[in-house]
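Report on the structure given below.
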Amino acid sequence: MKTLAKLKAEPGIWMRDEAKPEIGPNDVLIKIRKSSICGTDVHIYNWDDWAKATIPVGMTVGHEYVGTIEEVGSQVSHLEIGQRVSGEGHLTCGHCRNCRAGRRHLCRNTEGVGVNRTGSFAEYLCLPASNVFILPDDISDDIAAILDPFGNAAHTALSFDVVGEDVLITGAGPIGIMAAAICRHVGARHVVITDINPYRLELAKKMGIKHAVNVTESSIEEVMAELGMTEGFDVGLEMSGSEPAFNGMLGAMNHGGRIAMLGIPPGRMGIDWNEVIFKGLVIKGIYGREMFETWYKMAALIQGGLDLTPIITHHYSIDDFQQGFDIMRSGNSGKVILDWGV
Ligand code: NAD
Ligand code: ZN
């Protein structure tokens, strides 16, 4: 079968032929129909320090996809061949304290599909049956292929009560924009998103986020003044991993504000801790999706009318994967879908 793999310890990703995986008794085999490129795949492509330290050379990568169940392991009773599915990319150990308490997103032994084990840029993926998410018919293939990052957005945006609150989102990447759309959908008052990339800010506007601020041109405080906000934001969602963005957020929060942090900084980050202490801020780190509460919330948000389609900006055939990675790496895209032609 065709796969995309990290074959050399240098920038790039390569197509190769590999044997179709054999599944174990508790697994399913998923025939992949569409894949989506994640920011993580771009880090792997670029071969940055994180990728060098994490990704084994020779491994097939990728973890955002939709497909159909092709084979079911002998011990799996709740899934059937032909079901349309996506899957949770974090495999958890099942025996640590958090797993046993039902908090699988906090498993200390988490392994990632396409990060620590073979990925889904492949004609077929072997996945533990417990990680499969059966798709409702009214979620399209395109949207199903981006549930993984949408889940990051949902997990972060729903971490704190945003109903009637003023929300600041730093970073208008695909995840930041989807998080902003969720906040509007569930009833936040003012939703302000920032970025430094005009393409991304335009995309946010296409997704219905009116207050998309280029922080190289105007300040968050100017927007707050325009909106008549005199005190500060109630909830912050950090979605850029950028030190100046996070510091700007700390300065714009109201006292008692709550911040959920998803963005991954490239290294240590310096902040003014006095902002945190004297404002009594609460800061929560977010990793992955809650298993599987976030998945049910995602389905419900989409079925409740949240339209994510504008965030998908490019489609390519899997054979044109290089073009897909090039556009992702340029920053001038939303989500990019690679079609397997099945
Ligand atoms: P992305 O890189 O596409 O988006 C980040 C955005 O931040 C970009 O548009 C960039 O222009 C913008 N940015 C850079 N500097 C900024 C600044 N000073 N102010 C405002 N915006 C600024 O990433 P994404 O795919 O949307 O993911 C968002 C973040 O979440 C990334 O850091 C990613 O690594 C991280 N992530 C975390 C998890 C997790 O489980 N914690 C999962 C997926 C992604
Ligand atoms: Zn565990």
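Each chain in the structure tokens gets a letter, A, B and so on, in the order shown; residues start at 1 in every chain, and ligands are counted from 1 in the order they appear.
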
Residues within 7 Å of region 33-42 of chain A, only C-alpha atoms, excluding chain neighbours under 2 positions, as a list in words
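What passes the distance filter is Lys31, Ile44, Tyr45, Asn46, Gly62, Glu64, Tyr65, Val66, Gly67, Phe121, Ala145, Ile146, Arg329, Lys335, Val336, Ile337, Leu338, Asp339, Trp340, Gly341 and Val342 of chain A.
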
Distance filter 10 Å around ligand 2, atoms: only C-alpha atoms and all ligand atoms, out as a compact mmCIF listing (two decimals) with C-alpha atoms, in the first residue's frame:
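Once written, selection.txt looks like this:
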# COMPACT_ATOMS: atom_id res chain seq x y z
CA LEU A 91 -3.63 5.66 22.51
CA THR A 92 -3.77 5.43 26.27
CA CYS A 93 -2.36 2.73 28.55
CA GLY A 94 -5.51 1.77 30.45
CA HIS A 95 -3.61 1.02 33.68
CA CYS A 96 -2.34 4.36 35.02
CA ARG A 97 -4.35 6.18 37.68
CA ASN A 98 -5.97 8.66 35.26
CA CYS A 99 -6.93 5.98 32.76
CA ARG A 100 -8.48 3.90 35.53
CA ALA A 101 -10.36 6.98 36.76
CA GLY A 102 -11.80 7.60 33.27
CA ARG A 103 -9.55 10.58 32.55
CA ARG A 104 -7.87 9.07 29.53
CA HIS A 105 -6.79 12.46 28.12
CA LEU A 106 -4.46 12.71 31.14
CA CYS A 107 -2.83 9.31 30.61
CA ARG A 108 0.87 9.62 31.39
CA ASN A 109 1.73 6.91 28.86
CA THR A 110 -0.06 8.37 25.82
CA GLU A 111 1.18 7.31 22.38

Name all residues at most 12 Å from Ser330 (chain A) (count only C-alpha atoms; drop same-chain ones fewer than 3 positions away) and give them as a ChimeraX atom specification.
/A:39,42,46,197,199-200,323-327,333-334,336

Restrict the calculation to only C-alpha atoms, then for each residue of region 160-187 of chain A with any atom at most 9 Å from an atom of region 229-245 of chain A give the closest atom pair and their distance in Å to one decimal, rows by chain and rising residue number, as CSV.
residue,atom,partner,partner_atom,distance
A:Phe160,CA,A:Val235,CA,7.4
A:Asp161,CA,A:Val235,CA,8.3
A:Val162,CA,A:Val235,CA,6.9
A:Glu165,CA,A:Asp234,CA,6.0
A:Asp166,CA,A:Phe233,CA,5.2
A:Val167,CA,A:Val235,CA,4.8
A:Leu168,CA,A:Gly236,CA,4.8
A:Ile169,CA,A:Leu237,CA,4.7
A:Thr170,CA,A:Glu238,CA,5.1
A:Gly171,CA,A:Ser240,CA,4.3
A:Ala172,CA,A:Met239,CA,7.4
A:Gly173,CA,A:Ser240,CA,7.5
A:Ile175,CA,A:Met239,CA,7.1
A:Gly176,CA,A:Met239,CA,5.4
A:Ala179,CA,A:Leu237,CA,8.2
A:Ala180,CA,A:Leu237,CA,8.9

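Excluding region 284-294 of chain A itself and any same-chain residue fewer than 2 positions from it, the protein and nucleic acid residues within 6 Å of it, counting only C-alpha atoms, are Arg104, His105, Gly151, Asn152, His155, Ala260, Met261, Leu262, Tyr296 and Lys297 of chain A.
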
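Of the listed residues A:Val85, A:Met1, A:Ile259, A:Met249, the one whose atoms come nearest to ligand 1 is A:Met249, with distances taken using only C-alpha atoms and all ligand atoms.
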
Taking the backbone alone, and naming residues the way the document does, which bits of region 45-131 of chain A are strand (DSSP E or B) by DSSP, as a compact mmCIF listing (two decimals) with C-alpha atoms, in the first residue's frame?
# COMPACT_ATOMS: atom_id res chain seq x y z
CA THR A 60 4.72 6.52 8.35
CA GLU A 64 -6.16 13.21 10.68
CA TYR A 65 -8.45 11.10 8.49
CA VAL A 66 -11.80 9.60 7.61
CA GLY A 67 -12.21 6.07 6.36
CA THR A 68 -14.25 2.90 6.31
CA ILE A 69 -13.82 -0.23 8.44
CA GLU A 70 -12.40 -2.97 6.22
CA GLU A 71 -11.60 -5.67 8.81
CA VAL A 72 -12.62 -6.24 12.42
CA ARG A 84 -17.66 5.13 8.22
CA VAL A 85 -15.25 6.18 10.97
CA SER A 86 -12.57 8.49 12.21
CA GLY A 87 -10.46 7.81 15.27
CA HIS A 90 -4.05 9.22 21.30
CA LEU A 91 -3.63 5.66 22.51
CA GLU A 111 1.18 7.31 22.38
CA GLY A 112 0.28 9.26 19.25
CA VAL A 113 -0.72 7.83 15.89
CA ARG A 117 3.58 4.81 16.13
CA ALA A 122 -1.62 5.31 4.34
CA TYR A 124 -4.89 1.34 5.53
CA LEU A 125 -4.55 2.08 9.25
CA CYS A 126 -4.64 -0.48 12.07
CA LEU A 127 -6.29 1.12 15.13
CA PRO A 128 -7.44 -0.29 18.50

Best match for closeness to Asp137 (chain A) among A:Ala299, A:Ala212, A:Val191, A:Val61, counting only C-alpha atoms
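Nearest candidate to Asp137 (chain A) out of A:Ala299, A:Ala212, A:Val191, A:Val61: A:Ala299.
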